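Novice: Pasting in a structure now, in structure tokens, and then I'll have a few things to ask.
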Amino acid sequence: MSWDSHHSTSERLAIEAEAARRVGNSQRAEKLYQQAAAEEAQAFSELPDNKQRTRGITAVSAVALSYKGRGYKLAEHLAYQYLVEELPSFAQAQLQGLLQMIWTAHGAASADIRFVPGDVLVSVKGGEILYGGAPLDLIIEKIASIKAVFFRTVEMLLERPFRKRGEAETEIQSMFRPWLFQAPAGSYQFAVRLEEPKQRALWDQPNKPRVDQVTTTFFRILRASASDPGGELPAVVPNEQYRKAFLKLSRNLAPSRRGKTFERLEVHDVSVPSEPVASFAMETRERLNTALQESEPVKGLPTEEPVILRGVLRALHLDKDWLEIAIADPPFHIRIDKAGDVLDDVIGPMVNRKVMVTVVQRKQKRLYRDIELDE
Amino acid sequence: MHERHRALTPSIAGSYKEAAEVCLSRHHLPPIEVTLSDNGTDSPAELAWSTPDARTLAAWANTTDATEAGAYACVIAGVEEVRGLFAVRRAETGTGADYYIGPADVGLNDLEDCFRLEVSGVDAGDHRDVNSRLLRKIQQAREGKSSLPAVAGVFGFFAKLLMVQDVPEAP
């Protein structure tokens, strides 16, 4: 038997496995993936040492197939075996990545946790982000923004009146509880899953959306916000107040032009991890800013020129209509009035972070127009 | 397609074709003229397809899945058209599967002379979105799989544009 015959058999089995997975027959899919992995491992053993590229691709394929068949022990064993071989650097890097995925999946399986379609995988890349590591405050802020988009999505689906102040009601928070999972390293990644409470009857109501409905809408909102906020988003979110809120929350996910902490944030559906649902980079933020400017009526007098102030958001009292930023050089605080329109979940993750506030000067006062993260 | 592209089985090729028909029908009526951009050199091509029935539309209601599968059909067919290369092998990765392309007679005994194909689809975006997706795919290919030469292909269903570009082998 040759590499060709084993690899061809493995290809055929893997295609059948994928087809079984697509129609929801996961047991058959896992069995076929395991058979495909065995064939691929055989194919590897038929290769001479000088076929470096083929050895690397085949080794990765064998481990990946075993992982997809949930044969974690074998996948781990194969990965260790191949890592001690002289394989090209691309294969070594991919095998190391696969090992992390195997450990995570194995750990999750032992704890009876399974990633399922609709789980949201968030990856933050570039800048100061390391492979598997990121500044804690950045990640906490991004998690808060993702959570805010989730709860706003649930409120929109329930046709609740638009919330201007405070967090989502306890009832909403109890309906769907976001969980945070460790995800395979790849820059820095984390996974979020919406779970329904065990005692569902308490919150069951006729129009309560299903988890998959919430996550599908969540993905559609983020995709439209990132790719076509002016065109596609109104079709997904017809309500103007919700639409503006989603535009501002999405903008929180994108880096600013001056930001050095990260370069891109991607949101993936775990069931289709190879292609991001939405990708937020510097240019995305600019598109979101344009969409926001087009959606906001021009306030104030035509002679009032907007000015951007940069500093750290130190204090706010939205019920009393003001916020305050601290400037470092020279050190002083600037108070900004008429800030009552800012949404709590938009500004919440910005507290003690660098922000850009757009204001207009009127007499002795600076009047709020917009605020966004400056990192 | 499966008769020319060894890595595609009849069912896979059929499923990609169905998905492409659904994605194209969202924005256009057949036939259309598409632009094939190969390393920055543009040429026109005619693209025709059968309008999908309600059952097919319902089966491919998930836009993400349809765009991904449809892009495979359009990019693989487009690479054949502009470069005369075929999908000869498929190999798994942690997040999916890669196709390897080359002349029809390569890939029988090994993958030493094959190129990895990076495929992506853009449903509703314009030329700018297709271009920025291509740049991102090239960046991803360089970051993730250095030392493997690749060809990145992005098809824009609304934009009627296929962009193909080489991703050189990293040192």
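Chains: A, B, ... in order of the structure tokens. Residues: from 1 per chain. Ligands: from 1, in order shown.
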Pull out every residue of chain B that has at least one atom within 7 Å of chain A, counting only C-alpha atoms, and report them as a PyMOL selection string.
Specialist: chain B and resi 90-96+108-112+145-147
Novice: Quick one: DSSP strand (DSSP E) residues in segment 69-156 of chain A, as an MDAnalysis selection string?
Specialist: chainID A and resid 120:125
Novice: For a test of reading the model, state the distance in Å between atom CA of Ala104 of chain B and atom CA of Ala77 of chain B, rounded to one decimal.
Specialist: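 Result for atom CA of Ala104 of chain B versus atom CA of Ala77 of chain B: 13.6 Å, one decimal.
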Novice: Among chain B, which ones does DSSP assign to helix (DSSP H, G or I) (computed from the backbone)? Answer as a PyMOL selection string.
Specialist: chain B and resi 10-27+54-59+63-83+127-144
Novice: Would you mind telling me which residue in A:Ala29, A:Leu323, A:Leu309, A:Val342 lies nearest to Val359 of chain A when using only C-alpha atoms?
Specialist: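 The closest residue to Val359 of chain A is A:Leu309.
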Novice: For each of A:Leu247, A:Ile334, A:Leu121, A:Val267, take the minimum atom-to-atom distance to Thr290 of chain A, counting only C-alpha atoms, then give the residue where this is smallest.
Specialist: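 Closest residue, counting only C-alpha atoms: A:Leu247.
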Novice: Phe176 of chain A: which residues within 10 Å, counting only C-alpha atoms, same-chain residues fewer than 3 positions away excluded, as a PDB file with N, CA, C and O atoms, in the first residue's frame?
Specialist:
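Contents of out_16.pdb, freshly written:
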ATOM      1  N   PHE A 150     -25.044  40.832  23.500  1.00  0.00           N
ATOM      2  CA  PHE A 150     -25.942  39.687  23.717  1.00  0.00           C
ATOM      3  C   PHE A 150     -27.247  40.131  24.374  1.00  0.00           C
ATOM      4  O   PHE A 150     -28.335  39.803  23.904  1.00  0.00           O
ATOM      5  N   PHE A 151     -27.138  40.864  25.482  1.00  0.00           N
ATOM      6  CA  PHE A 151     -28.362  41.237  26.207  1.00  0.00           C
ATOM      7  C   PHE A 151     -29.230  42.206  25.399  1.00  0.00           C
ATOM      8  O   PHE A 151     -30.454  42.119  25.426  1.00  0.00           O
ATOM      9  N   VAL A 154     -31.183  40.089  23.013  1.00  0.00           N
ATOM     10  CA  VAL A 154     -32.331  39.429  23.641  1.00  0.00           C
ATOM     11  C   VAL A 154     -33.461  40.445  23.821  1.00  0.00           C
ATOM     12  O   VAL A 154     -34.633  40.163  23.505  1.00  0.00           O
ATOM     13  N   GLU A 171     -34.526  39.544  34.961  1.00  0.00           N
ATOM     14  CA  GLU A 171     -35.287  38.524  34.234  1.00  0.00           C
ATOM     15  C   GLU A 171     -34.556  38.143  32.936  1.00  0.00           C
ATOM     16  O   GLU A 171     -34.420  36.964  32.608  1.00  0.00           O
ATOM     17  N   ILE A 172     -34.085  39.167  32.230  1.00  0.00           N
ATOM     18  CA  ILE A 172     -33.366  38.910  30.965  1.00  0.00           C
ATOM     19  C   ILE A 172     -32.049  38.195  31.264  1.00  0.00           C
ATOM     20  O   ILE A 172     -31.683  37.221  30.602  1.00  0.00           O
ATOM     21  N   GLN A 173     -31.349  38.677  32.285  1.00  0.00           N
ATOM     22  CA  GLN A 173     -30.050  38.090  32.611  1.00  0.00           C
ATOM     23  C   GLN A 173     -30.189  36.633  33.031  1.00  0.00           C
ATOM     24  O   GLN A 173     -29.280  35.836  32.847  1.00  0.00           O
ATOM     25  N   TRP A 179     -21.553  32.278  29.360  1.00  0.00           N
ATOM     26  CA  TRP A 179     -20.421  31.597  30.008  1.00  0.00           C
ATOM     27  C   TRP A 179     -19.164  31.885  29.220  1.00  0.00           C
ATOM     28  O   TRP A 179     -19.200  31.969  27.995  1.00  0.00           O
ATOM     29  N   ARG A 193     -20.560  31.247  25.533  1.00  0.00           N
ATOM     30  CA  ARG A 193     -21.749  30.463  25.216  1.00  0.00           C
ATOM     31  C   ARG A 193     -22.941  30.987  26.017  1.00  0.00           C
ATOM     32  O   ARG A 193     -22.819  31.295  27.201  1.00  0.00           O
ATOM     33  N   LEU A 194     -24.086  31.058  25.361  1.00  0.00           N
ATOM     34  CA  LEU A 194     -25.311  31.405  26.078  1.00  0.00           C
ATOM     35  C   LEU A 194     -25.920  30.118  26.589  1.00  0.00           C
ATOM     36  O   LEU A 194     -26.078  29.170  25.824  1.00  0.00           O
ATOM     37  N   GLU A 195     -26.228  30.078  27.865  1.00  0.00           N
ATOM     38  CA  GLU A 195     -26.878  28.884  28.393  1.00  0.00           C
ATOM     39  C   GLU A 195     -28.223  29.259  28.983  1.00  0.00           C
ATOM     40  O   GLU A 195     -28.378  30.332  29.565  1.00  0.00           O
ATOM     41  N   GLU A 196     -29.170  28.351  28.811  1.00  0.00           N
ATOM     42  CA  GLU A 196     -30.463  28.571  29.440  1.00  0.00           C
ATOM     43  C   GLU A 196     -30.402  27.999  30.841  1.00  0.00           C
ATOM     44  O   GLU A 196     -29.719  27.004  31.076  1.00  0.00           O
ATOM     45  N   PRO A 197     -31.133  28.621  31.789  1.00  0.00           N
ATOM     46  CA  PRO A 197     -31.100  28.081  33.148  1.00  0.00           C
ATOM     47  C   PRO A 197     -31.712  26.688  33.186  1.00  0.00           C
ATOM     48  O   PRO A 197     -32.559  26.351  32.365  1.00  0.00           O
ATOM     49  N   TRP A 203     -38.790  31.082  33.758  1.00  0.00           N
ATOM     50  CA  TRP A 203     -38.707  32.220  32.826  1.00  0.00           C
ATOM     51  C   TRP A 203     -39.423  31.958  31.502  1.00  0.00           C
ATOM     52  O   TRP A 203     -39.397  32.799  30.623  1.00  0.00           O
ATOM     53  N   PRO A 209     -37.213  33.986  23.065  1.00  0.00           N
ATOM     54  CA  PRO A 209     -36.436  33.439  21.951  1.00  0.00           C
ATOM     55  C   PRO A 209     -35.610  32.232  22.375  1.00  0.00           C
ATOM     56  O   PRO A 209     -35.257  32.097  23.540  1.00  0.00           O
ATOM     57  N   ARG A 210     -35.321  31.368  21.406  1.00  0.00           N
ATOM     58  CA  ARG A 210     -34.452  30.223  21.681  1.00  0.00           C
ATOM     59  C   ARG A 210     -33.002  30.692  21.655  1.00  0.00           C
ATOM     60  O   ARG A 210     -32.678  31.722  21.047  1.00  0.00           O
ATOM     61  N   VAL A 211     -32.126  29.883  22.290  1.00  0.00           N
ATOM     62  CA  VAL A 211     -30.703  30.251  22.321  1.00  0.00           C
ATOM     63  C   VAL A 211     -30.164  30.423  20.906  1.00  0.00           C
ATOM     64  O   VAL A 211     -29.472  31.398  20.597  1.00  0.00           O
ATOM     65  N   VAL A 214     -31.093  33.661  19.382  1.00  0.00           N
ATOM     66  CA  VAL A 214     -30.325  34.786  19.929  1.00  0.00           C
ATOM     67  C   VAL A 214     -28.930  34.829  19.301  1.00  0.00           C
ATOM     68  O   VAL A 214     -28.471  35.875  18.835  1.00  0.00           O
TER      69      VAL A 214
END
Novice: Using only C-alpha atoms, determine which residues lie at most 8 Å from Tyr99 of chain B, disregarding the query and same-chain residues fewer than 2 positions distant; provide the list as a list in words.
Specialist: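 The neighbour list is Ala7, Ala87, Val88, Arg89, Arg90, Ala91, Ala97, Ile101, Arg116, Leu117 and Glu118 of chain B.
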Novice: Could you dump the residues just selected with N, CA, C and O atoms as a PDB file, in the first residue's frame?
Specialist:
ATOM      1  N   ALA B   7      -9.736  16.139  -6.125  1.00  0.00           N
ATOM      2  CA  ALA B   7     -10.024  16.252  -4.686  1.00  0.00           C
ATOM      3  C   ALA B   7     -11.512  16.394  -4.395  1.00  0.00           C
ATOM      4  O   ALA B   7     -11.929  16.329  -3.236  1.00  0.00           O
ATOM      5  N   ALA B  87      -7.887  21.229  -8.252  1.00  0.00           N
ATOM      6  CA  ALA B  87      -7.854  20.773  -6.856  1.00  0.00           C
ATOM      7  C   ALA B  87      -7.518  19.286  -6.885  1.00  0.00           C
ATOM      8  O   ALA B  87      -8.348  18.474  -7.311  1.00  0.00           O
ATOM      9  N   VAL B  88      -6.286  18.944  -6.470  1.00  0.00           N
ATOM     10  CA  VAL B  88      -5.848  17.557  -6.635  1.00  0.00           C
ATOM     11  C   VAL B  88      -5.907  16.748  -5.333  1.00  0.00           C
ATOM     12  O   VAL B  88      -6.035  15.532  -5.359  1.00  0.00           O
ATOM     13  N   ARG B  89      -5.807  17.438  -4.201  1.00  0.00           N
ATOM     14  CA  ARG B  89      -5.828  16.739  -2.912  1.00  0.00           C
ATOM     15  C   ARG B  89      -6.503  17.597  -1.869  1.00  0.00           C
ATOM     16  O   ARG B  89      -6.625  18.813  -2.021  1.00  0.00           O
ATOM     17  N   ARG B  90      -6.878  16.937  -0.779  1.00  0.00           N
ATOM     18  CA  ARG B  90      -7.483  17.628   0.339  1.00  0.00           C
ATOM     19  C   ARG B  90      -6.819  17.080   1.593  1.00  0.00           C
ATOM     20  O   ARG B  90      -6.547  15.880   1.683  1.00  0.00           O
ATOM     21  N   ALA B  91      -6.507  17.956   2.538  1.00  0.00           N
ATOM     22  CA  ALA B  91      -5.934  17.489   3.808  1.00  0.00           C
ATOM     23  C   ALA B  91      -6.560  18.291   4.933  1.00  0.00           C
ATOM     24  O   ALA B  91      -6.914  19.466   4.770  1.00  0.00           O
ATOM     25  N   ALA B  97     -10.494  22.039   6.386  1.00  0.00           N
ATOM     26  CA  ALA B  97      -9.679  21.253   5.448  1.00  0.00           C
ATOM     27  C   ALA B  97      -9.109  22.199   4.409  1.00  0.00           C
ATOM     28  O   ALA B  97      -9.712  23.206   4.076  1.00  0.00           O
ATOM     29  N   ILE B 101      -3.689  22.513  -4.809  1.00  0.00           N
ATOM     30  CA  ILE B 101      -3.906  22.655  -6.248  1.00  0.00           C
ATOM     31  C   ILE B 101      -2.598  22.469  -7.006  1.00  0.00           C
ATOM     32  O   ILE B 101      -1.510  22.692  -6.459  1.00  0.00           O
ATOM     33  N   ARG B 116      -1.097  25.202  -1.578  1.00  0.00           N
ATOM     34  CA  ARG B 116      -2.292  25.195  -0.722  1.00  0.00           C
ATOM     35  C   ARG B 116      -3.222  26.304  -1.217  1.00  0.00           C
ATOM     36  O   ARG B 116      -2.774  27.392  -1.577  1.00  0.00           O
ATOM     37  N   LEU B 117      -4.531  26.018  -1.241  1.00  0.00           N
ATOM     38  CA  LEU B 117      -5.495  27.018  -1.707  1.00  0.00           C
ATOM     39  C   LEU B 117      -6.241  27.589  -0.508  1.00  0.00           C
ATOM     40  O   LEU B 117      -6.855  26.850   0.261  1.00  0.00           O
ATOM     41  N   GLU B 118      -6.155  28.901  -0.341  1.00  0.00           N
ATOM     42  CA  GLU B 118      -6.902  29.598   0.726  1.00  0.00           C
ATOM     43  C   GLU B 118      -8.149  30.174   0.083  1.00  0.00           C
ATOM     44  O   GLU B 118      -8.055  31.019  -0.806  1.00  0.00           O
TER      45      GLU B 118
END
Novice: Within 6 Å of segment 148-158 of chain B, counting only C-alpha atoms, which residues show up once you throw out same-chain ones fewer than 5 positions away? Write them as a list of chain:residue names, please.
Specialist: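 Residues near the query, excluding close chain neighbours: B:Leu24, B:His27, B:Ala71, B:Val75, B:Phe115, B:Arg116, B:Leu117, B:Glu118, B:Val119, B:Ser120, B:Gly121, B:Val122, B:Asp123, B:Ala124, B:Val130, B:Leu134, B:Met163, B:Val164, B:Gln165, B:Asp166, B:Val167, B:Pro168, B:Glu169.
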Novice: With C-alpha atoms retained, could you export that selection as an mmCIF file, in the first residue's frame?
Specialist:
data_model
loop_
_atom_site.group_PDB
_atom_site.id
_atom_site.type_symbol
_atom_site.label_atom_id
_atom_site.label_comp_id
_atom_site.auth_asym_id
_atom_site.auth_seq_id
_atom_site.Cartn_x
_atom_site.Cartn_y
_atom_site.Cartn_z
ATOM 1 C CA LEU B 24 -25.349 34.206 -6.866
ATOM 2 C CA HIS B 27 -27.910 39.265 -6.029
ATOM 3 C CA ALA B 71 -16.909 30.299 -2.600
ATOM 4 C CA VAL B 75 -12.677 29.931 -6.511
ATOM 5 C CA PHE B 115 0.069 24.813 -3.626
ATOM 6 C CA ARG B 116 -2.292 25.195 -0.722
ATOM 7 C CA LEU B 117 -5.495 27.018 -1.707
ATOM 8 C CA GLU B 118 -6.902 29.598 0.726
ATOM 9 C CA VAL B 119 -10.574 30.157 -0.119
ATOM 10 C CA SER B 120 -12.955 32.829 1.076
ATOM 11 C CA GLY B 121 -16.298 34.282 0.012
ATOM 12 C CA VAL B 122 -17.884 37.703 0.452
ATOM 13 C CA ASP B 123 -21.662 37.726 0.169
ATOM 14 C CA ALA B 124 -22.807 41.342 0.070
ATOM 15 C CA VAL B 130 -13.290 41.587 -1.554
ATOM 16 C CA LEU B 134 -7.974 38.935 0.160
ATOM 17 C CA MET B 163 -9.400 37.864 -6.824
ATOM 18 C CA VAL B 164 -6.548 35.358 -6.885
ATOM 19 C CA GLN B 165 -3.101 36.070 -5.520
ATOM 20 C CA ASP B 166 0.062 34.127 -4.764
ATOM 21 C CA VAL B 167 1.225 33.908 -1.184
ATOM 22 C CA PRO B 168 4.968 33.397 -1.473
ATOM 23 C CA GLU B 169 6.829 30.808 0.550
#
